[in-house]
file protein_2.txt (compact mmCIF, C-alpha atoms)
# COMPACT_ATOMS: atom_id res chain seq x y z
CA MET A 1 94.86 97.84 114.02
CA LYS A 2 97.42 100.23 115.52
CA GLY A 3 96.36 103.85 115.94
CA SER A 4 92.67 103.08 116.42
CA ILE A 5 90.27 104.19 119.15
CA ARG A 6 87.06 102.60 120.34
CA LEU A 7 83.86 104.32 119.18
CA GLY A 8 81.34 102.01 120.84
CA SER A 9 79.77 98.65 120.04
CA VAL A 10 77.32 97.13 117.57
CA ARG A 11 75.27 94.24 118.92
CA GLY A 12 77.93 93.61 121.55
CA LEU A 13 80.87 93.82 119.09
CA ALA A 14 83.52 96.48 119.67
CA LEU A 15 83.66 99.16 116.97
CA ARG A 16 86.95 101.02 116.46
CA ALA A 17 88.10 103.75 114.12
CA HIS A 18 91.60 104.29 112.76
CA TRP A 19 93.06 107.79 112.92
CA SER A 20 92.63 108.03 109.12
CA VAL A 21 88.81 107.98 109.41
CA PRO A 22 88.42 111.63 110.56
CA LEU A 23 90.70 112.66 107.68
CA LEU A 24 88.53 110.74 105.22
CA MET A 25 85.35 112.29 106.65
CA LEU A 26 86.86 115.76 106.34
CA LEU A 27 87.81 115.19 102.70
CA LEU A 28 84.37 113.79 101.84
CA ALA A 29 82.55 116.61 103.60
CA TYR A 30 84.72 119.19 101.83
CA GLY A 31 84.16 117.58 98.44
CA LEU A 32 80.40 117.55 98.95
CA ALA A 33 80.22 121.12 100.27
CA ALA A 34 82.65 122.67 97.78
CA ARG A 35 81.80 120.89 94.52
CA THR A 36 79.00 118.31 94.45
CA LEU A 37 76.22 120.22 96.22
CA PRO A 38 76.85 123.68 94.69
CA GLY A 39 76.91 122.07 91.27
CA TYR A 40 73.52 120.39 91.77
CA ALA A 41 71.79 123.11 93.82
CA PRO A 42 73.52 126.48 93.16
CA GLY A 43 72.72 129.75 94.83
CA LEU A 44 72.39 128.65 98.48
CA ALA A 45 74.26 129.93 101.51
CA PRO A 46 77.69 128.36 102.18
CA VAL A 47 76.56 127.20 105.62
CA VAL A 48 73.85 125.07 104.00
CA TYR A 49 76.43 123.29 101.85
CA ALA A 50 78.73 122.83 104.87
CA VAL A 51 76.04 121.28 107.07
CA ALA A 52 74.82 119.03 104.26
CA GLY A 53 78.40 117.96 103.46
CA VAL A 54 79.03 116.93 107.07
CA ALA A 55 75.70 115.08 107.16
CA GLY A 56 76.58 113.18 103.99
CA ALA A 57 80.01 112.20 105.32
CA VAL A 58 78.49 110.97 108.61
CA LEU A 59 75.86 108.95 106.72
CA LEU A 60 78.59 107.34 104.62
CA LEU A 61 80.49 106.47 107.80
CA ALA A 62 77.32 104.81 109.09
CA SER A 63 77.11 102.89 105.81
CA LEU A 64 80.64 101.55 106.33
CA VAL A 65 79.62 100.42 109.82
CA VAL A 66 76.64 98.56 108.32
CA HIS A 67 78.95 96.89 105.78
CA GLU A 68 81.35 95.63 108.46
CA ALA A 69 78.53 94.72 110.84
CA ALA A 70 77.04 92.52 108.11
CA HIS A 71 80.29 90.55 107.96
CA ALA A 72 80.59 90.33 111.74
CA LEU A 73 76.98 89.35 112.50
CA THR A 74 76.88 86.79 109.69
CA ALA A 75 80.08 85.24 111.05
CA ARG A 76 78.74 85.22 114.61
CA ARG A 77 75.50 83.55 113.51
CA ALA A 78 77.64 80.85 111.89
CA GLY A 79 79.41 80.21 115.19
CA ILE A 80 82.64 82.05 114.30
CA SER A 81 84.31 84.02 117.07
CA VAL A 82 84.51 87.74 116.18
CA GLN A 83 86.95 90.03 118.00
CA ASP A 84 86.07 93.53 116.75
CA MET A 85 85.46 95.81 113.77
CA THR A 86 87.78 98.65 112.75
CA LEU A 87 87.03 101.38 110.22
CA TRP A 88 89.82 103.11 108.33
CA ALA A 89 90.34 105.26 105.25
CA LEU A 90 90.15 102.39 102.75
CA GLY A 91 87.13 100.65 104.25
CA GLY A 92 87.08 98.40 107.27
CA VAL A 93 88.50 95.26 108.85
CA THR A 94 86.58 92.69 110.87
CA ARG A 95 88.82 90.43 112.96
CA MET A 96 87.39 86.95 113.30
CA ASP A 97 88.43 83.31 113.41
CA GLN A 98 88.79 81.42 110.16
CA PRO A 99 85.55 80.00 108.70
CA THR A 100 85.49 76.21 108.94
CA THR A 101 83.66 75.50 105.66
CA PRO A 102 83.62 77.04 102.16
CA ARG A 103 79.89 77.74 102.50
CA THR A 104 80.41 79.75 105.68
CA ALA A 105 83.33 81.64 104.12
CA PHE A 106 81.15 82.50 101.10
CA LEU A 107 78.23 83.75 103.21
CA VAL A 108 80.45 85.89 105.43
CA ALA A 109 82.23 87.42 102.42
CA VAL A 110 79.12 88.19 100.38
CA SER A 111 77.17 89.76 103.25
CA GLY A 112 79.16 93.03 103.21
CA PRO A 113 78.79 93.88 99.49
CA LEU A 114 75.11 92.89 99.61
CA ALA A 115 74.58 95.32 102.50
CA SER A 116 76.30 98.12 100.53
CA LEU A 117 74.28 97.39 97.39
CA LEU A 118 71.07 97.40 99.42
CA LEU A 119 71.97 100.72 101.04
CA GLY A 120 72.80 102.09 97.60
CA ALA A 121 69.41 101.10 96.24
CA VAL A 122 67.67 102.62 99.29
CA GLY A 123 69.61 105.87 98.89
CA ILE A 124 68.80 106.20 95.18
CA GLY A 125 65.15 105.32 95.84
CA ALA A 126 64.91 107.84 98.69
CA ALA A 127 66.46 110.56 96.51
CA ALA A 128 63.93 109.86 93.76
CA ALA A 129 61.05 109.89 96.26
CA VAL A 130 62.13 113.23 97.79
CA ALA A 131 62.59 114.75 94.34
CA ALA A 132 59.12 113.63 93.23
CA THR A 133 57.25 114.67 96.38
CA LEU A 134 59.09 117.54 98.05
CA GLY A 135 61.59 118.74 95.49
CA TRP A 136 64.21 119.63 98.10
CA ARG A 137 67.41 119.82 96.11
CA ILE A 138 69.96 119.47 98.93
CA PRO A 139 68.46 116.28 100.46
CA VAL A 140 68.07 114.86 96.96
CA ALA A 141 71.74 115.56 96.21
CA VAL A 142 72.98 114.08 99.51
CA LEU A 143 70.82 110.96 99.26
CA GLY A 144 71.72 110.46 95.60
CA TRP A 145 75.44 110.84 96.36
CA LEU A 146 75.14 108.45 99.31
CA GLY A 147 73.27 105.86 97.26
CA GLY A 148 75.69 106.09 94.34
CA THR A 149 78.73 105.83 96.62
CA ASN A 150 77.32 102.72 98.33
CA LEU A 151 76.61 101.11 94.96
CA LEU A 152 80.20 101.87 93.91
CA LEU A 153 81.54 100.40 97.17
CA GLY A 154 79.46 97.27 96.74
CA VAL A 155 80.59 96.69 93.16
CA PHE A 156 84.23 97.55 93.93
CA ASN A 157 84.32 95.10 96.84
CA LEU A 158 83.14 92.33 94.53
CA LEU A 159 86.32 92.53 92.46
CA PRO A 160 88.03 89.09 92.61
CA ALA A 161 91.03 90.40 94.52
CA ALA A 162 92.05 89.51 98.06
CA PRO A 163 91.69 91.17 100.54
CA LEU A 164 88.52 92.60 98.98
CA ASP A 165 85.30 90.68 99.58
CA GLY A 166 85.35 89.47 95.99
CA GLY A 167 88.70 87.85 96.68
CA ARG A 168 87.17 86.10 99.71
CA LEU A 169 84.34 84.86 97.48
CA THR A 170 86.86 83.57 94.94
CA GLN A 171 88.77 81.85 97.72
CA ALA A 172 85.58 80.23 99.08
CA LEU A 173 84.61 78.92 95.63
CA LEU A 174 88.11 77.54 94.97
CA TRP A 175 88.15 76.00 98.45
CA TRP A 176 84.82 74.29 97.73
CA ARG A 177 86.09 73.04 94.36
CA THR A 178 89.55 71.83 95.44
CA GLY A 179 89.01 71.05 99.12
CA ASP A 180 92.30 72.86 99.92
CA ARG A 181 91.90 76.17 101.76
CA GLU A 182 95.56 77.18 101.53
CA ARG A 183 95.67 76.49 97.79
CA ALA A 184 92.55 78.60 97.35
CA GLN A 185 94.11 81.38 99.42
CA ARG A 186 97.25 81.34 97.29
CA ALA A 187 95.19 81.60 94.12
CA ALA A 188 93.11 84.46 95.53
CA GLY A 189 96.32 86.21 96.56
CA ARG A 190 97.74 85.95 93.05
CA GLY A 191 94.49 87.36 91.66
CA GLY A 192 94.63 90.21 94.15
CA GLN A 193 98.15 91.11 93.08
CA VAL A 194 97.11 91.25 89.42
CA VAL A 195 93.96 93.28 90.06
CA GLY A 196 95.76 95.62 92.48
CA MET A 197 98.50 96.44 89.99
CA ALA A 198 95.89 96.89 87.24
CA LEU A 199 94.05 99.42 89.43
CA ALA A 200 97.31 101.25 90.15
CA VAL A 201 98.13 101.47 86.43
CA LEU A 202 94.60 102.65 85.67
CA GLY A 203 94.92 105.29 88.38
CA TRP A 204 98.23 106.47 86.97
CA LEU A 205 96.74 106.81 83.48
CA ALA A 206 93.80 108.76 84.89
CA PHE A 207 96.10 111.07 86.86
CA ALA A 208 98.30 111.60 83.81
CA ARG A 209 95.20 112.81 81.95
CA GLY A 210 94.49 115.39 84.62
CA LEU A 211 92.08 113.50 86.91
CA PRO A 212 93.15 113.97 90.57
CA ALA A 213 91.01 110.96 91.60
CA GLY A 214 93.61 108.81 89.88
CA LEU A 215 95.90 109.30 92.88
CA TRP A 216 93.32 107.68 95.15
CA LEU A 217 93.01 104.75 92.74
CA ILE A 218 96.79 104.34 92.76
CA VAL A 219 96.80 104.17 96.57
CA VAL A 220 93.96 101.64 96.62
CA GLY A 221 95.57 99.51 93.93
CA LEU A 222 98.95 99.41 95.66
CA PHE A 223 97.27 98.57 98.96
CA VAL A 224 95.31 95.70 97.38
CA ALA A 225 98.44 94.35 95.64
CA GLY A 226 100.50 94.54 98.84
CA ALA A 227 97.84 92.95 101.03
CA ALA A 228 97.29 90.20 98.46
CA ALA A 229 101.01 89.45 98.36
CA THR A 230 101.04 89.20 102.16
CA GLU A 231 98.11 86.77 102.12
CA ARG A 232 99.78 84.68 99.45
CA ARG A 233 103.00 84.44 101.48
CA TRP A 234 100.96 83.57 104.56
CA ALA A 235 99.21 80.73 102.71
CA GLU A 236 102.55 79.43 101.47
CA LEU A 237 103.89 79.50 105.02
CA VAL A 238 100.88 77.63 106.40
CA THR A 239 101.24 75.01 103.67
CA ALA A 240 104.95 74.58 104.37
CA LEU A 241 104.30 74.11 108.11
CA ARG A 242 101.38 71.72 107.74
CA GLY A 243 101.67 68.83 110.19
CA VAL A 244 104.36 70.55 112.30
CA ARG A 245 103.88 70.73 116.06
CA VAL A 246 104.95 73.66 118.20
CA GLY A 247 107.56 71.59 120.02
CA GLN A 248 109.33 70.82 116.74
CA ALA A 249 109.86 74.48 115.82
CA MET A 250 110.56 76.06 119.19
CA THR A 251 113.94 77.11 120.52
CA THR A 252 114.85 75.46 123.82
CA PRO A 253 116.31 76.02 126.35
CA VAL A 254 115.22 79.65 126.50
CA VAL A 255 117.38 82.53 127.67
CA THR A 256 115.26 84.49 130.15
CA GLY A 257 115.78 87.44 132.45
CA PRO A 258 114.41 88.55 135.82
CA ASP A 259 111.69 91.12 135.38
CA TRP A 260 112.71 93.06 138.51
CA LEU A 261 116.12 94.10 137.15
CA THR A 262 116.68 97.67 136.05
CA VAL A 263 117.13 98.22 132.33
CA ASP A 264 120.83 98.98 132.81
CA ARG A 265 121.49 95.74 134.70
CA PHE A 266 119.34 93.74 132.26
CA LEU A 267 121.32 95.04 129.27
CA SER A 268 124.66 94.31 130.87
CA GLU A 269 123.87 90.98 132.59
CA VAL A 270 121.30 89.24 130.39
CA THR A 271 121.30 90.39 126.79
CA ALA A 272 124.83 89.18 126.07
CA GLN A 273 123.50 85.60 126.25
CA ALA A 274 120.44 86.29 124.12
CA GLY A 275 119.89 84.45 120.89
CA HIS A 276 116.72 86.37 120.00
CA SER A 277 115.78 90.03 119.76
CA VAL A 278 112.87 89.34 122.15
CA LEU A 279 113.43 87.84 125.59
CA PRO A 280 110.91 86.31 128.02
CA LEU A 281 110.85 87.64 131.57
CA LEU A 282 110.38 85.65 134.78
CA ASP A 283 108.97 86.87 138.08
CA PHE A 284 110.27 85.99 141.58
CA GLY A 285 108.44 82.64 141.44
CA GLY A 286 110.09 81.64 138.16
CA HIS A 287 106.87 82.07 136.16
CA PRO A 288 106.76 83.99 132.85
CA SER A 289 105.50 87.56 133.26
CA GLY A 290 105.92 88.88 129.71
CA VAL A 291 108.42 89.55 126.94
CA VAL A 292 110.67 92.51 126.20
CA GLN A 293 112.17 93.76 122.94
CA LEU A 294 115.88 94.43 123.22
CA ARG A 295 115.62 97.20 120.63
CA ARG A 296 113.14 99.02 122.83
CA LEU A 297 115.46 98.77 125.83
CA ALA A 298 118.41 100.07 123.84
CA GLY A 299 116.34 103.02 122.64
CA LEU A 300 115.54 104.27 126.13
CA PRO A 301 117.29 107.44 127.30
CA SER A 302 120.34 106.65 129.42
CA GLU A 303 119.01 108.64 132.38
CA LYS A 304 115.98 106.34 132.63
CA ARG A 305 117.79 103.03 132.39
CA ALA A 306 119.17 103.14 135.94
CA SER A 307 115.77 103.55 137.61
CA LEU A 308 113.29 101.94 135.22
CA ARG A 309 112.65 98.23 135.74
CA VAL A 310 112.50 96.06 132.68
CA ARG A 311 108.98 94.80 133.47
CA ASP A 312 107.74 98.40 133.16
CA VAL A 313 108.55 98.48 129.43
CA ALA A 314 107.70 94.83 128.68
CA THR A 315 104.67 93.34 126.94
CA PRO A 316 102.68 91.64 129.73
CA LEU A 317 101.87 87.94 129.59
CA SER A 318 98.17 88.72 129.02
CA ARG A 319 99.07 90.15 125.61
CA CYS A 320 101.40 87.32 124.61
CA THR A 321 100.53 84.25 122.56
CA LEU A 322 100.84 81.03 124.57
CA ALA A 323 100.94 77.51 123.16
CA ALA A 324 101.53 73.95 124.29
CA PRO A 325 104.34 71.82 122.78
CA ASP A 326 101.90 69.34 121.22
CA GLU A 327 99.72 71.98 119.52
CA MET A 328 99.77 72.20 115.74
CA LEU A 329 101.83 75.20 114.65
CA ASN A 330 99.30 76.09 111.95
CA SER A 331 96.52 76.58 114.48
CA VAL A 332 98.77 78.80 116.60
CA LEU A 333 99.65 80.96 113.58
CA GLU A 334 95.95 81.31 112.74
CA ARG A 335 95.38 82.49 116.29
CA LEU A 336 98.06 85.12 115.78
CA GLY A 337 96.33 86.37 112.66
CA THR A 338 92.86 86.68 114.21
CA THR A 339 93.81 88.24 117.55
CA GLY A 340 96.27 90.78 116.18
CA VAL A 341 98.95 89.59 118.65
CA LEU A 342 102.36 89.25 117.04
CA LEU A 343 105.22 86.85 117.59
CA PRO A 344 106.88 85.52 119.68
CA VAL A 345 104.96 82.50 120.93
CA LEU A 346 105.75 81.38 124.46
CA VAL A 347 105.59 77.60 124.74
CA MET A 348 104.23 76.54 128.12
CA ASP A 349 104.37 73.06 129.62
CA GLY A 350 102.87 72.52 133.06
CA GLY A 351 102.91 76.24 133.90
CA ARG A 352 106.60 76.55 133.08
CA LEU A 353 108.28 78.12 130.06
CA SER A 354 109.41 75.31 127.78
CA GLY A 355 110.48 77.18 124.65
CA ILE A 356 109.97 80.20 122.42
CA ILE A 357 109.05 80.63 118.76
CA THR A 358 110.01 83.81 116.90
CA ALA A 359 109.77 84.75 113.23
CA HIS A 360 113.42 83.67 112.92
CA ASP A 361 112.56 80.21 114.31
CA ILE A 362 109.70 79.77 111.86
CA ASP A 363 111.82 80.88 108.90
CA ARG A 364 114.66 78.61 110.00
CA PHE A 365 112.35 75.61 110.37
CA ARG A 366 110.70 76.29 107.02
CA ARG A 367 114.05 76.45 105.24
CA HIS A 368 115.18 73.28 106.99
CA SER A 369 111.97 71.50 105.97
CA ARG A 370 112.38 72.67 102.38
CA LEU A 371 115.93 71.33 102.23
CA SER A 372 114.88 68.04 103.86
CA SER A 373 112.08 67.51 101.35
CA ALA A 374 114.18 68.42 98.31
CA PRO A 375 115.03 65.49 96.01
CA PRO A 376 118.63 64.28 96.12
CA PRO A 377 120.90 65.61 93.38
CA SER A 378 121.25 63.51 90.26
CA PRO A 379 124.51 61.58 90.07
CA GLY A 380 127.07 63.08 87.77
CA PRO A 381 128.57 61.33 84.76
CA PRO A 382 130.88 58.45 85.57
call {"tool": "encode", "arguments": {"input": "protein_2.txt", "output": "structure tokens"}}
result
Amino acid sequence: MKGSIRLGSVRGLALRAHWSVPLLMLLLAYGLAARTLPGYAPGLAPVVYAVAGVAGAVLLLASLVVHEAAHALTARRAGISVQDMTLWALGGVTRMDQPTTPRTAFLVAVSGPLASLLLGAVGIGAAAAVAATLGWRIPVAVLGWLGGTNLLLGVFNLLPAAPLDGGRLTQALLWWRTGDRERAQRAAGRGGQVVGMALAVLGWLAFARGLPAGLWLIVVGLFVAGAAATERRWAELVTALRGVRVGQAMTTPVVTGPDWLTVDRFLSEVTAQAGHSVLPLLDFGGHPSGVVQLRRLAGLPSEKRASLRVRDVATPLSRCTLAAPDEMLNSVLERLGTTGVLLPVLVMDGGRLSGIITAHDIDRFRRHSRLSSAPPPSPGPP
């Protein structure tokens, strides 16, 4: 996810945090210190509420890590390759390869909510134990809030709406029943759109009645609806391209440019022949060295174009998606989704650049396939 930094690792898996996480922690700590804790344990010094609020926010962050780690470790035990985990304001994202069976998909999806529900029960139990034995009001309030929030997260994530875990569970069950993963993904996407819009409407009604928390529910609902729509479109694309090989969809021959040219020379000598907004670059030996976006070149200040070489602003080959002409296009697109690398795809054959696939190529091929598979028009009246 863009805008994220690495925090460390959990059992060898990279843990990252989006820039929105510190903002969320600040809001949670403020809410605890300003409202929740003074309401439950009044009369204490402000510094006590502040320290307890920060502690509660940090414990909730740790709970989110446990939730995502449950997904990641369950997937890794099932033999699924896991790239990393990223926390952000609306939860977390674990990047991994697609599960190969409905059972594996179900286990990976359910592990996160179960971890949150377990943490919620532990938090509530610990709060009750501290209240019964020590009577310390601040720890009781923090533990009770932490337990209740984890229970809420666990239940919320079980809603049957992609991309929530409940949507993944729905998709796994439909996949098991129909044997068609893409069909199950489309159905889960439709459910996510309905649930997301319902949450947004509910949030709006709550906000209209004077509850500020309704705004948060609106944001969550719109995010769920948007993400579900994206997943549905992705499933439709994968279905439309089923059985298509990379070589059938690629553009060839490919317009390329030398990576040692200055930006000025590249814009004047190469881009006029370009048929794409992204161009592959070749080194002195004629081997691909990366890709460059023409929009990025055009946006550079004019004083830099004469001295800056195009390879200095290009995406290096190590961060590009490579494919062979005989690979299935579906598998390449799945690789794009799990690694976070975007189009284009550079098609390599024997170490040489054979073709390129951009979003425009995929859309063009899909429309062509749709027209080719359409039934012929009915003959008119004689």
call {"tool": "atom_distance", "arguments": {"input": "protein_2.txt", "atom1": "atom CA of Val310 of chain A", "atom2": "atom CA of Ala272 of chain A"}}
result
15.6 Å
call {"tool": "closest_atom_pairs", "arguments": {"input": "protein_2.txt", "of": "segment 130-241 of chain A", "to": "segment 59-66 of chain A", "cutoff": "12 Å", "atoms": "only C-alpha atoms", "output": "Markdown table"}}
result
| residue | atom | partner | partner_atom | distance |
| --- | --- | --- | --- | --- |
| A:Val142 | CA | A:Leu59 | CA | 9.3 |
| A:Leu143 | CA | A:Leu59 | CA | 9.2 |
| A:Gly144 | CA | A:Leu60 | CA | 11.8 |
| A:Trp145 | CA | A:Leu60 | CA | 9.5 |
| A:Leu146 | CA | A:Leu60 | CA | 6.4 |
| A:Gly147 | CA | A:Leu60 | CA | 9.2 |
| A:Gly148 | CA | A:Leu60 | CA | 10.8 |
| A:Thr149 | CA | A:Leu60 | CA | 8.1 |
| A:Asn150 | CA | A:Ser63 | CA | 7.5 |
| A:Leu151 | CA | A:Ser63 | CA | 11.0 |
| A:Leu153 | CA | A:Leu64 | CA | 9.3 |
| A:Gly154 | CA | A:Leu64 | CA | 10.6 |
call {"tool": "write_last_selection", "arguments": {"input": "protein_2.txt", "atoms": "C-alpha atoms", "output": "PDB file, in the coordinates of the input"}}
result
ATOM      1  CA  VAL A 142      72.980 114.080  99.510  1.00  0.00           C
ATOM      2  CA  LEU A 143      70.820 110.960  99.260  1.00  0.00           C
ATOM      3  CA  GLY A 144      71.720 110.460  95.600  1.00  0.00           C
ATOM      4  CA  TRP A 145      75.440 110.840  96.360  1.00  0.00           C
ATOM      5  CA  LEU A 146      75.140 108.450  99.310  1.00  0.00           C
ATOM      6  CA  GLY A 147      73.270 105.860  97.260  1.00  0.00           C
ATOM      7  CA  GLY A 148      75.690 106.090  94.340  1.00  0.00           C
ATOM      8  CA  THR A 149      78.730 105.830  96.620  1.00  0.00           C
ATOM      9  CA  ASN A 150      77.320 102.720  98.330  1.00  0.00           C
ATOM     10  CA  LEU A 151      76.610 101.110  94.960  1.00  0.00           C
ATOM     11  CA  LEU A 153      81.540 100.400  97.170  1.00  0.00           C
ATOM     12  CA  GLY A 154      79.460  97.270  96.740  1.00  0.00           C
TER      13      GLY A 154
END
call {"tool": "closest_residue", "arguments": {"input": "protein_2.txt", "among": "A:Pro301, A:Pro258, A:Gly123, A:Gly112", "to": "Leu282 of chain A", "atoms": "all atoms listed in the file"}}
result
A:Pro258
call {"tool": "atom_distance", "arguments": {"input": "protein_2.txt", "atom1": "atom CA of Leu346 of chain A", "atom2": "atom CA of Cys320 of chain A"}}
result
7.4 Å
call {"tool": "residues_near_point", "arguments": {"input": "protein_2.txt", "point": "(107.7, 88.1, 134.7)", "cutoff": "9 Å", "atoms": "all atoms listed in the file", "output": "list in words"}}
result
Gly257, Pro258, Asp259, Trp260, Pro280, Leu281, Leu282, Asp283, Phe284, Gly285, Gly286, His287, Pro288, Ser289, Gly290, Val291, Arg311, Pro316 and Leu317 of chain A
call {"tool": "residues_near_point", "arguments": {"input": "protein_2.txt", "point": "(119.7, 93.4, 123.8)", "cutoff": "8 Å", "atoms": "only C-alpha atoms", "output": "list in words"}}
result
Leu267, Val270, Thr271, Ala272, Ala274, Ser277, Gln293, Leu294, Arg295, Leu297 and Ala298 of chain A
call {"tool": "atom_distance", "arguments": {"input": "protein_2.txt", "atom1": "atom CA of Glu327 of chain A", "atom2": "atom CA of Gly247 of chain A"}}
result
7.9 Å
call {"tool": "residues_around", "arguments": {"input": "protein_2.txt", "residues": "Ile138 of chain A", "least_positions_apart": "2", "cutoff": "10 Å", "atoms": "only C-alpha atoms", "output": "count of residues only"}}
result
19
call {"tool": "build_atoms", "arguments": {"input": "protein_2.txt", "residues": "segment 218-234 of chain A", "atoms": "N, CA and C atoms", "output": "PDB file, keeping the file's coordinate frame"}}
result
ATOM      1  N   ILE A 218      95.440 104.883  92.648  1.00  0.00           N
ATOM      2  CA  ILE A 218      96.790 104.340  92.760  1.00  0.00           C
ATOM      3  C   ILE A 218      97.022 103.811  94.174  1.00  0.00           C
ATOM      4  N   VAL A 219      96.627 104.593  95.179  1.00  0.00           N
ATOM      5  CA  VAL A 219      96.800 104.170  96.570  1.00  0.00           C
ATOM      6  C   VAL A 219      96.028 102.882  96.844  1.00  0.00           C
ATOM      7  N   VAL A 220      94.778 102.838  96.392  1.00  0.00           N
ATOM      8  CA  VAL A 220      93.960 101.640  96.620  1.00  0.00           C
ATOM      9  C   VAL A 220      94.570 100.439  95.914  1.00  0.00           C
ATOM     10  N   GLY A 221      95.001 100.621  94.677  1.00  0.00           N
ATOM     11  CA  GLY A 221      95.570  99.510  93.930  1.00  0.00           C
ATOM     12  C   GLY A 221      96.836  98.961  94.563  1.00  0.00           C
ATOM     13  N   LEU A 222      97.714  99.859  95.011  1.00  0.00           N
ATOM     14  CA  LEU A 222      98.950  99.410  95.660  1.00  0.00           C
ATOM     15  C   LEU A 222      98.649  98.715  96.981  1.00  0.00           C
ATOM     16  N   PHE A 223      97.645  99.230  97.710  1.00  0.00           N
ATOM     17  CA  PHE A 223      97.270  98.570  98.960  1.00  0.00           C
ATOM     18  C   PHE A 223      96.745  97.157  98.685  1.00  0.00           C
ATOM     19  N   VAL A 224      95.870  97.017  97.701  1.00  0.00           N
ATOM     20  CA  VAL A 224      95.310  95.700  97.380  1.00  0.00           C
ATOM     21  C   VAL A 224      96.424  94.748  96.956  1.00  0.00           C
ATOM     22  N   ALA A 225      97.336  95.210  96.096  1.00  0.00           N
ATOM     23  CA  ALA A 225      98.440  94.350  95.640  1.00  0.00           C
ATOM     24  C   ALA A 225      99.324  93.933  96.808  1.00  0.00           C
ATOM     25  N   GLY A 226      99.649  94.868  97.699  1.00  0.00           N
ATOM     26  CA  GLY A 226     100.500  94.540  98.840  1.00  0.00           C
ATOM     27  C   GLY A 226      99.837  93.583  99.809  1.00  0.00           C
ATOM     28  N   ALA A 227      98.560  93.837 100.112  1.00  0.00           N
ATOM     29  CA  ALA A 227      97.840  92.950 101.030  1.00  0.00           C
ATOM     30  C   ALA A 227      97.673  91.557 100.430  1.00  0.00           C
ATOM     31  N   ALA A 228      97.425  91.504  99.122  1.00  0.00           N
ATOM     32  CA  ALA A 228      97.290  90.200  98.460  1.00  0.00           C
ATOM     33  C   ALA A 228      98.593  89.426  98.487  1.00  0.00           C
ATOM     34  N   ALA A 229      99.709  90.120  98.288  1.00  0.00           N
ATOM     35  CA  ALA A 229     101.010  89.450  98.360  1.00  0.00           C
ATOM     36  C   ALA A 229     101.271  88.902  99.756  1.00  0.00           C
ATOM     37  N   THR A 230     100.874  89.665 100.781  1.00  0.00           N
ATOM     38  CA  THR A 230     101.040  89.200 102.160  1.00  0.00           C
ATOM     39  C   THR A 230     100.210  87.950 102.410  1.00  0.00           C
ATOM     40  N   GLU A 231      98.959  87.948 101.935  1.00  0.00           N
ATOM     41  CA  GLU A 231      98.110  86.770 102.120  1.00  0.00           C
ATOM     42  C   GLU A 231      98.663  85.558 101.384  1.00  0.00           C
ATOM     43  N   ARG A 232      99.210  85.800 100.207  1.00  0.00           N
ATOM     44  CA  ARG A 232      99.780  84.680  99.450  1.00  0.00           C
ATOM     45  C   ARG A 232     100.973  84.082 100.191  1.00  0.00           C
ATOM     46  N   ARG A 233     101.841  84.948 100.726  1.00  0.00           N
ATOM     47  CA  ARG A 233     103.000  84.440 101.480  1.00  0.00           C
ATOM     48  C   ARG A 233     102.542  83.707 102.737  1.00  0.00           C
ATOM     49  N   TRP A 234     101.487  84.227 103.371  1.00  0.00           N
ATOM     50  CA  TRP A 234     100.960  83.570 104.560  1.00  0.00           C
ATOM     51  C   TRP A 234     100.459  82.169 104.221  1.00  0.00           C
TER      52      TRP A 234
END
